[in-house]
$ cat run-v5.txt   # compact mmCIF, C-alpha atoms
# COMPACT_ATOMS: atom_id res chain seq x y z
CA MET A 1 32.83 -37.60 -5.98
CA THR A 2 32.23 -39.52 -2.76
CA GLU A 3 28.94 -41.23 -2.07
CA GLU A 4 28.41 -39.03 0.97
CA LYS A 5 28.80 -35.86 -1.09
CA LEU A 6 26.54 -37.23 -3.79
CA VAL A 7 23.81 -37.96 -1.26
CA LYS A 8 24.18 -34.44 0.15
CA ILE A 9 23.81 -32.93 -3.31
CA LEU A 10 20.82 -35.12 -4.03
CA SER A 11 19.10 -33.94 -0.84
CA GLY A 12 19.85 -30.37 -2.00
CA LEU A 13 17.68 -31.05 -5.04
CA ARG A 14 14.72 -30.87 -2.69
CA THR A 15 14.80 -27.11 -3.16
CA VAL A 16 13.56 -27.61 -6.69
CA GLY A 17 9.93 -26.59 -6.81
CA PRO A 18 7.21 -25.56 -9.20
CA ASP A 19 6.46 -21.97 -10.11
CA LYS A 20 3.85 -20.62 -7.68
CA ASP A 21 1.68 -19.06 -10.39
CA TYR A 22 1.70 -22.31 -12.31
CA ALA A 23 0.74 -24.24 -9.15
CA LYS A 24 -2.25 -21.94 -8.48
CA GLN A 25 -3.44 -22.02 -12.06
CA SER A 26 -3.12 -25.79 -12.28
CA ARG A 27 -5.00 -26.20 -9.01
CA VAL A 28 -7.91 -24.02 -10.17
CA LEU A 29 -8.10 -25.85 -13.48
CA ILE A 30 -8.11 -29.28 -11.86
CA LEU A 31 -10.68 -28.38 -9.22
CA SER A 32 -12.97 -26.61 -11.73
CA HIS A 33 -12.77 -29.72 -13.84
CA ALA A 34 -13.64 -31.60 -10.69
CA LYS A 35 -17.05 -29.87 -10.56
CA ALA A 36 -17.89 -31.23 -13.97
CA VAL A 37 -16.72 -34.62 -12.83
CA SER A 38 -18.91 -34.32 -9.72
CA ASN A 39 -21.94 -33.42 -11.87
CA THR A 40 -21.18 -36.30 -14.15
CA ARG A 41 -20.87 -38.48 -11.07
CA PHE A 42 -24.24 -37.29 -9.82
CA VAL A 43 -25.84 -38.12 -13.15
CA THR A 44 -24.08 -41.44 -13.11
CA VAL A 45 -25.30 -42.19 -9.60
CA LYS A 46 -28.82 -41.19 -10.61
CA SER A 47 -28.68 -43.34 -13.69
CA VAL A 48 -27.30 -46.17 -11.58
CA PHE A 49 -30.29 -45.84 -9.25
CA ASP A 50 -32.65 -45.82 -12.24
CA PHE A 51 -30.93 -48.88 -13.57
CA LEU A 52 -31.16 -50.54 -10.16
CA ARG A 53 -34.87 -49.78 -9.99
CA VAL A 54 -35.48 -51.39 -13.37
CA ALA A 55 -33.19 -54.25 -12.42
CA ALA A 56 -35.08 -54.75 -9.15
CA VAL A 57 -38.42 -54.93 -10.96
CA THR A 58 -36.99 -57.35 -13.50
CA ALA A 59 -35.44 -59.46 -10.78
CA PHE A 60 -38.72 -59.52 -8.87
CA GLY A 61 -40.53 -60.66 -12.02
CA ILE A 62 -37.97 -63.38 -12.60
CA VAL A 63 -38.22 -64.53 -8.99
CA LEU A 64 -42.01 -64.58 -9.29
CA LEU A 65 -41.86 -66.64 -12.48
CA LEU A 66 -39.33 -68.99 -10.95
CA THR A 67 -41.52 -69.38 -7.87
CA MET A 68 -44.51 -70.15 -10.04
CA PHE A 69 -42.64 -72.67 -12.18
CA GLY A 70 -40.96 -74.05 -9.10
CA GLY A 71 -44.36 -74.41 -7.41
CA VAL A 72 -45.83 -76.19 -10.40
CA SER A 73 -42.82 -78.43 -10.57
CA TYR A 74 -43.10 -79.13 -6.82
CA VAL A 75 -46.78 -79.97 -7.14
CA ASN A 76 -46.02 -82.23 -10.11
CA ASN A 77 -43.29 -83.98 -8.23
CA ASN A 78 -45.23 -84.43 -5.03
CA PHE A 79 -48.94 -84.43 -5.81
CA SER A 80 -49.20 -85.56 -9.42
CA PRO A 81 -51.76 -88.42 -9.86
CA ILE A 82 -49.20 -90.17 -12.03
CA LEU A 83 -46.71 -90.16 -9.21
CA LEU A 84 -49.11 -90.85 -6.28
CA SER A 85 -47.81 -93.67 -4.14
CA GLY A 86 -51.29 -95.30 -4.32
CA LEU A 87 -50.88 -95.64 -8.07
CA ASP A 88 -47.35 -96.73 -8.07
CA GLN A 89 -47.02 -99.95 -10.09
CA LYS A 90 -44.71 -101.74 -7.67
CA SER A 91 -46.72 -100.88 -4.63
CA LEU A 92 -49.88 -101.85 -6.50
CA MET A 93 -48.42 -105.26 -7.35
CA THR A 94 -47.33 -105.76 -3.76
CA GLU A 95 -50.70 -104.70 -2.51
CA ALA A 96 -52.43 -106.99 -5.03
CA ASP A 97 -50.23 -109.89 -3.94
CA GLU A 98 -51.06 -109.24 -0.31
CA ILE A 99 -54.79 -109.12 -1.09
CA ASN A 100 -54.47 -112.27 -3.18
CA ASN A 101 -52.72 -114.08 -0.37
CA SER A 102 -55.30 -112.98 2.16
CA ILE A 103 -58.10 -114.12 -0.21
CA ASN A 104 -56.39 -117.51 -0.58
CA VAL A 105 -56.12 -117.80 3.16
CA THR A 106 -59.78 -116.88 3.52
CA LEU A 107 -60.84 -119.39 0.88
CA LYS A 108 -58.86 -122.12 2.60
CA GLU A 109 -60.48 -121.17 5.87
CA ILE A 110 -63.94 -121.22 4.24
CA LYS A 111 -63.24 -124.58 2.63
CA TYR A 112 -61.95 -125.93 5.92
CA LEU A 113 -64.95 -124.56 7.81
CA ASP A 114 -67.31 -125.94 5.16
CA ASN A 115 -65.79 -129.41 5.40
CA SER A 116 -65.71 -129.34 9.12
CA THR A 117 -69.34 -128.13 9.25
CA ALA A 118 -70.46 -130.97 6.97
CA ALA A 119 -68.56 -133.51 9.05
CA THR A 120 -69.97 -132.07 12.23
CA ASN A 121 -73.49 -132.14 10.83
CA ASN A 122 -73.06 -135.77 9.84
CA GLN A 123 -71.79 -136.63 13.25
CA ILE A 124 -74.70 -134.78 14.89
CA ASP A 125 -77.21 -136.48 12.62
CA GLN A 126 -75.73 -139.85 13.32
CA LEU A 127 -75.77 -139.22 17.02
CA ALA A 128 -79.36 -137.93 16.82
CA GLY A 129 -80.48 -140.99 14.81
CA ASN A 130 -78.84 -143.41 17.14
CA ASN A 131 -80.38 -141.65 20.09
CA LYS A 132 -83.96 -141.89 18.63
CA ILE A 133 -83.50 -145.52 17.77
CA LEU A 134 -82.43 -146.19 21.30
CA THR A 135 -85.37 -144.22 22.76
CA GLY A 136 -87.92 -145.79 20.32
CA GLU A 137 -88.72 -142.56 18.60
CA ALA A 138 -88.73 -142.41 14.89
CA PRO A 139 -85.98 -140.40 13.61
CA THR A 140 -87.34 -137.15 12.32
CA SER A 141 -84.35 -136.27 10.31
CA THR A 142 -84.43 -137.28 6.67
CA THR A 143 -81.00 -135.92 6.01
CA SER A 144 -79.20 -139.01 7.22
CA ARG A 145 -78.37 -141.54 4.55
CA TYR A 146 -79.04 -144.34 6.97
CA ASP A 147 -82.47 -143.02 7.84
CA GLN A 148 -83.37 -142.68 4.20
CA LYS A 149 -82.30 -146.24 3.48
CA ILE A 150 -84.26 -147.50 6.45
CA ASN A 151 -87.34 -145.59 5.28
CA GLU A 152 -87.00 -146.98 1.79
CA LEU A 153 -86.65 -150.49 3.14
CA LEU A 154 -89.68 -150.05 5.39
CA GLU A 155 -91.80 -148.78 2.53
CA LYS A 156 -90.77 -151.67 0.35
CA ALA A 157 -91.61 -154.06 3.10
CA ALA A 158 -95.03 -152.47 3.61
CA GLN A 159 -95.90 -152.87 -0.03
CA MET B 160 1.56 -37.74 5.32
CA LEU B 161 -1.24 -35.24 6.02
CA ASP B 162 -3.00 -35.25 9.38
CA GLY B 163 -6.25 -37.15 8.97
CA GLU B 164 -5.22 -38.08 5.45
CA LYS B 165 -7.47 -41.11 5.32
CA LYS B 166 -10.54 -38.96 6.02
CA ILE B 167 -9.42 -36.34 3.50
CA ILE B 168 -9.01 -39.05 0.86
CA GLU B 169 -12.45 -40.45 1.68
CA ASP B 170 -13.95 -36.99 1.26
CA ALA B 171 -12.14 -36.57 -2.04
CA ILE B 172 -13.42 -39.95 -3.19
CA GLY B 173 -16.88 -38.72 -2.22
CA GLY B 174 -16.42 -35.86 -4.71
CA GLU B 175 -15.37 -33.10 -2.32
CA ALA B 176 -13.12 -30.83 -4.37
CA SER B 177 -11.73 -28.97 -1.35
CA ALA B 178 -10.47 -32.28 0.07
CA PHE B 179 -8.65 -33.03 -3.14
CA GLY B 180 -7.31 -29.46 -3.01
CA LEU B 181 -5.61 -30.28 0.29
CA LEU B 182 -3.99 -33.36 -1.24
CA TYR B 183 -2.88 -31.27 -4.19
CA ASP B 184 -1.29 -28.63 -1.94
CA LYS B 185 0.55 -31.27 0.06
CA TYR B 186 1.88 -33.46 -2.75
CA GLN B 187 2.10 -31.26 -5.82
CA PRO B 188 5.63 -29.91 -5.09
CA GLN B 189 7.19 -33.32 -4.59
CA ILE B 190 5.44 -34.83 -7.61
CA TYR B 191 6.55 -31.89 -9.69
CA ARG B 192 10.13 -32.37 -8.41
CA PHE B 193 10.01 -36.08 -9.17
CA ILE B 194 8.87 -35.42 -12.72
CA TYR B 195 11.17 -32.48 -13.29
CA LEU B 196 14.24 -34.44 -12.20
CA LYS B 197 13.26 -37.20 -14.57
CA VAL B 198 12.43 -35.14 -17.65
CA GLY B 199 14.87 -32.26 -16.97
CA HIS B 200 12.58 -29.65 -18.46
CA ARG B 201 10.47 -27.22 -16.47
CA GLU B 202 7.52 -26.71 -18.82
CA GLU B 203 7.29 -30.41 -19.56
CA ALA B 204 7.38 -31.14 -15.85
CA GLU B 205 4.60 -28.63 -15.19
CA ASP B 206 2.45 -30.11 -17.93
CA LEU B 207 3.01 -33.67 -16.74
CA THR B 208 2.38 -32.74 -13.09
CA HIS B 209 -0.90 -31.16 -14.10
CA GLN B 210 -1.85 -34.33 -15.97
CA VAL B 211 -0.91 -36.49 -13.00
CA PHE B 212 -3.22 -34.62 -10.61
CA LEU B 213 -6.00 -34.42 -13.16
CA SER B 214 -5.81 -38.19 -13.68
CA ALA B 215 -5.67 -38.73 -9.93
CA TRP B 216 -8.81 -36.65 -9.41
CA GLN B 217 -10.67 -38.32 -12.24
CA SER B 218 -9.87 -41.81 -11.04
CA ILE B 219 -9.66 -41.29 -7.29
CA GLU B 220 -12.43 -43.87 -6.77
CA LYS B 221 -9.85 -46.51 -7.72
CA TYR B 222 -7.53 -45.51 -4.90
CA GLN B 223 -7.35 -47.94 -1.98
CA HIS B 224 -5.84 -46.67 1.24
CA LYS B 225 -3.34 -49.21 2.59
CA GLY B 226 -1.72 -47.07 5.27
CA PHE B 227 0.88 -45.52 2.96
CA PRO B 228 0.92 -41.86 2.00
CA PHE B 229 -1.24 -40.81 -0.91
CA SER B 230 2.00 -39.89 -2.68
CA SER B 231 2.74 -43.59 -3.31
CA TRP B 232 -0.23 -43.70 -5.63
CA LEU B 233 0.68 -40.37 -7.21
CA TYR B 234 4.20 -41.63 -7.88
CA GLN B 235 2.74 -44.61 -9.71
CA ILE B 236 0.68 -42.31 -11.92
CA SER B 237 3.69 -40.02 -12.42
CA ARG B 238 5.91 -42.86 -13.56
CA ASN B 239 3.34 -43.92 -16.13
CA LYS B 240 2.96 -40.34 -17.35
CA VAL B 241 6.71 -39.91 -17.71
CA ILE B 242 7.02 -43.22 -19.57
CA ASP B 243 4.25 -42.11 -21.96
CA HIS B 244 6.02 -38.78 -22.28
CA TRP B 245 9.29 -40.43 -23.33
CA ARG B 246 7.50 -42.61 -25.83
CA THR B 247 5.93 -39.69 -27.63
CA ARG B 248 8.39 -36.82 -27.18
CA LYS B 249 11.81 -38.31 -26.67
CA ILE B 250 13.54 -36.67 -29.68
CA THR B 251 12.17 -33.21 -28.92
CA LEU B 252 13.31 -33.42 -25.32
CA ASP B 253 16.80 -34.49 -26.27
CA ILE B 254 17.17 -31.31 -28.32
CA GLU B 255 15.71 -29.08 -25.61
CA ASP B 256 17.79 -30.78 -22.95
CA ALA B 257 20.96 -29.98 -24.89
CA ALA B 258 19.90 -26.37 -25.33
CA GLU B 259 19.11 -26.03 -21.64
CA GLN B 260 22.52 -27.40 -20.69
CA GLY B 261 24.15 -24.56 -22.63
CA GLU B 262 22.03 -21.97 -20.87
CA ASN B 263 22.86 -23.34 -17.43
CA ASP B 264 26.62 -23.31 -18.00
CA SER B 265 26.87 -19.58 -17.42
CA GLU B 266 25.01 -19.81 -14.09
CA ILE B 267 26.77 -22.81 -12.56
CA GLU B 268 30.18 -21.13 -12.84
CA LYS B 269 29.15 -18.66 -10.13
CA ILE B 270 28.59 -21.04 -7.24
CA GLU B 271 30.33 -24.40 -6.99
CA ILE B 272 27.61 -26.17 -5.07
CA ARG B 273 25.05 -24.90 -7.51
CA PHE B 274 27.20 -26.30 -10.26
CA GLU B 275 27.29 -29.70 -8.62
CA ILE B 276 23.54 -29.69 -8.14
CA GLU B 277 23.00 -28.84 -11.77
CA ARG B 278 25.40 -31.57 -12.81
CA VAL B 279 23.63 -34.17 -10.76
CA GLN B 280 20.27 -32.86 -11.93
CA ARG B 281 21.29 -33.35 -15.53
CA ALA B 282 22.76 -36.76 -14.80
CA ILE B 283 19.58 -38.15 -13.28
CA PRO B 284 17.58 -38.35 -16.55
CA ARG B 285 20.44 -40.35 -18.04
CA LEU B 286 20.00 -43.10 -15.49
CA LYS B 287 17.87 -46.15 -16.15
CA GLU B 288 14.20 -45.43 -15.48
CA GLU B 289 13.98 -47.46 -12.27
CA TYR B 290 17.30 -46.06 -11.00
CA GLN B 291 15.90 -42.54 -11.45
CA ASP B 292 12.84 -43.48 -9.41
CA VAL B 293 14.86 -44.94 -6.56
CA ILE B 294 17.41 -42.09 -6.46
CA ILE B 295 14.73 -39.38 -6.38
CA MET B 296 12.43 -41.13 -3.93
CA ARG B 297 15.20 -42.25 -1.58
CA PHE B 298 17.65 -39.34 -1.58
CA VAL B 299 15.66 -36.33 -2.74
CA GLU B 300 12.31 -37.07 -1.13
CA GLU B 301 13.77 -39.26 1.63
CA LEU B 302 10.99 -41.84 1.44
CA SER B 303 11.32 -45.10 3.38
CA TYR B 304 12.14 -48.34 1.58
CA GLU B 305 8.63 -49.50 2.35
CA GLU B 306 7.06 -46.47 0.67
CA ILE B 307 9.32 -46.81 -2.37
CA ALA B 308 8.57 -50.51 -2.59
CA THR B 309 4.84 -49.70 -2.56
CA ALA B 310 5.15 -46.96 -5.17
CA LEU B 311 7.30 -49.08 -7.50
CA ASN B 312 5.47 -52.31 -6.71
CA LYS B 313 8.71 -54.13 -5.91
CA PRO B 314 10.05 -55.90 -2.79
CA GLN B 315 12.13 -53.82 -0.38
CA THR B 316 15.18 -56.01 -0.98
CA THR B 317 14.97 -55.19 -4.68
CA ILE B 318 14.77 -51.49 -3.85
CA ARG B 319 17.98 -51.74 -1.81
CA VAL B 320 19.75 -53.47 -4.69
CA LEU B 321 18.42 -50.90 -7.16
CA GLN B 322 19.58 -48.07 -4.89
CA HIS B 323 23.11 -49.48 -4.78
CA ARG B 324 23.27 -49.84 -8.55
CA ALA B 325 21.69 -46.44 -9.13
CA ILE B 326 24.30 -44.66 -6.99
CA LYS B 327 27.06 -46.51 -8.78
CA GLN B 328 25.73 -45.61 -12.22
CA LEU B 329 25.17 -41.99 -11.19
CA LYS B 330 28.78 -41.73 -9.98
CA ASP B 331 29.96 -43.26 -13.24
CA ILE B 332 28.01 -40.67 -15.23
CA LEU B 333 29.31 -37.78 -13.11
CA GLU B 334 32.95 -38.96 -13.42
CA LYS B 335 32.83 -39.07 -17.20

$ encode --input "run-v5.txt" --output "structure tokens"
Amino acid sequence: MTEEKLVKILSGLRTVGPDKDYAKQSRVLILSHAKAVSNTRFVTVKSVFDFLRVAAVTAFGIVLLLTMFGGVSYVNNNFSPILLSGLDQKSLMTEADEINNSINVTLKEIKYLDNSTAATNNQIDQLAGNNKILTGEAPTSTTSRYDQKINELLEKAAQ
Amino acid sequence: MLDGEKKIIEDAIGGEASAFGLLYDKYQPQIYRFIYLKVGHREEAEDLTHQVFLSAWQSIEKYQHKGFPFSSWLYQISRNKVIDHWRTRKITLDIEDAAEQGENDSEIEKIEIRFEIERVQRAIPRLKEEYQDVIIMRFVEELSYEEIATALNKPQTTIRVLQHRAIKQLKDILEK
């Protein structure tokens, strides 16, 4: 048998078909079964919606809880007194060092000012004493060492 | 392919029985033919065809339209049904097939072409499973290589090779 003839015979097999009564009966059976499937599908869809509703509520609850815990965690991380930058040990040490340094500077300044004030006072007293001696007035200031010595000597001499 | 087949399939997926009825009317004869030529027994073919369409209707949500006729999917289901059929009822069918051959002998003597058709029809189930599929889809149903490749989930080049081998084996069977 040639290939051409074989192909022609094979295409002739297309006349093979199902019995018409069988086809109708099968169709009715399948489509009637389909109704039950549709009902089942409806119930399934309904149950899916019910499930989704419960799932949505659950999910909302979970989200709420997470938000709450997340909020607490956020507050702890950002506003906790333990973690406040003002109470941070390093920054406190730095701040303390800075204050300490500024106090030292201030003390030095005070000491310097004190010394310079004393020296200035001495100088003023000396100048004032010299000036009174020159003008013949008795020096009124008793703070000067020289004046005190002079007074002592004068008293001794008067005795 | 049916006019507006995509829409019809969508309606069927949505649970519209009349839409599936249209698909049944269009594809039932060729699916029946495919199965009948593979199993070689009318009642078995009717039963399997019924099962194929019932399965298709029950699981139509799984169908994904990729531009090919709905029959490609039905052929896939049919092949699985026939394979299951051979697994469970092979011995019974062998006996019935032999009995049917005897009955047909008296008829095929009358018309030569009818005889040849019957001969080829009986030879097809003796082919390898995939050769049967290619022979029926390509030469009986005249599907394109692309459609056959989709239905059998194989590349088109493989389908061409299978077709060549199937014809050769069929000729060998008929010459014996």

$ closest_atom_pairs --input "run-v5.txt" --of "chain B" --to "chain A" --cutoff "7 Å" --atoms "only C-alpha atoms" --output "Markdown table"
| residue | atom | partner | partner_atom | distance |
| --- | --- | --- | --- | --- |
| B:Gly174 | CA | A:Ser38 | CA | 5.8 |
| B:Ala176 | CA | A:Leu31 | CA | 6.0 |
| B:Pro188 | CA | A:Gly17 | CA | 5.7 |
| B:Tyr191 | CA | A:Pro18 | CA | 6.4 |
| B:Arg192 | CA | A:Gly17 | CA | 6.0 |
| B:His209 | CA | A:Ser26 | CA | 6.1 |
| B:Leu213 | CA | A:Ile30 | CA | 5.7 |
| B:Ile276 | CA | A:Ile9 | CA | 5.8 |
| B:Phe298 | CA | A:Ser11 | CA | 5.6 |
| B:Val299 | CA | A:Ser11 | CA | 4.6 |
| B:Glu300 | CA | A:Arg14 | CA | 6.8 |

$ atom_distance --input "run-v5.txt" --atom1 "CA of Ile236 (chain B)" --atom2 "CA of Val211 (chain B)"
6.1 Å

$ atom_distance --input "run-v5.txt" --atom1 "CA of Gln189 (chain B)" --atom2 "CA of Lys335 (chain B)"
29.1 Å

$ closest_residue --input "run-v5.txt" --among "A:Lys108, A:Arg145, A:Lys90, A:Lys156" --to "Gln123 (chain A)" --atoms "all atoms listed in the file"
A:Arg145

$ atom_distance --input "run-v5.txt" --atom1 "CA of Ala56 (chain A)" --atom2 "CA of Asp170 (chain B)"
29.5 Å

$ closest_residue --input "run-v5.txt" --among "B:Lys330, B:Arg281, B:Lys313, B:Arg324" --to "Gly199 (chain B)" --atoms "all atoms listed in the file"
B:Arg281

$ residues_around --input "run-v5.txt" --residues "Arg297 (chain B)" --least-positions-apart "6" --cutoff "9 Å" --atoms "all atoms listed in the file" --output "VMD selection string"
chain B and resid 303 to 304 307 322

$ closest_residue --input "run-v5.txt" --among "B:Met296, B:Phe212, B:Val198, B:Gly226" --to "Lys185 (chain B)" --atoms "only C-alpha atoms"
B:Phe212

$ residues_near_point --input "run-v5.txt" --point "(15.1, -45.7, -8.0)" --cutoff "9 Å" --atoms "only C-alpha atoms" --output "ChimeraX atom specification"
/B:287-297,307,311,318,321-322,325

$ closest_residue --input "run-v5.txt" --among "B:Lys165, B:Lys197, B:Arg319, B:Lys327" --to "Lys225 (chain B)" --atoms "only C-alpha atoms"
B:Lys165

$ residues_around --input "run-v5.txt" --residues "Lys240 (chain B)" --least-positions-apart "2" --cutoff "8 Å" --atoms "all atoms listed in the file" --output "PDB file with C-alpha atoms, in the frame of the given file"
ATOM      1  CA  LEU B 207       3.010 -33.670 -16.740  1.00  0.00           C
ATOM      2  CA  GLN B 210      -1.850 -34.330 -15.970  1.00  0.00           C
ATOM      3  CA  VAL B 211      -0.910 -36.490 -13.000  1.00  0.00           C
ATOM      4  CA  ILE B 236       0.680 -42.310 -11.920  1.00  0.00           C
ATOM      5  CA  SER B 237       3.690 -40.020 -12.420  1.00  0.00           C
ATOM      6  CA  ARG B 238       5.910 -42.860 -13.560  1.00  0.00           C
ATOM      7  CA  ILE B 242       7.020 -43.220 -19.570  1.00  0.00           C
ATOM      8  CA  ASP B 243       4.250 -42.110 -21.960  1.00  0.00           C
ATOM      9  CA  HIS B 244       6.020 -38.780 -22.280  1.00  0.00           C
TER      10      HIS B 244
END
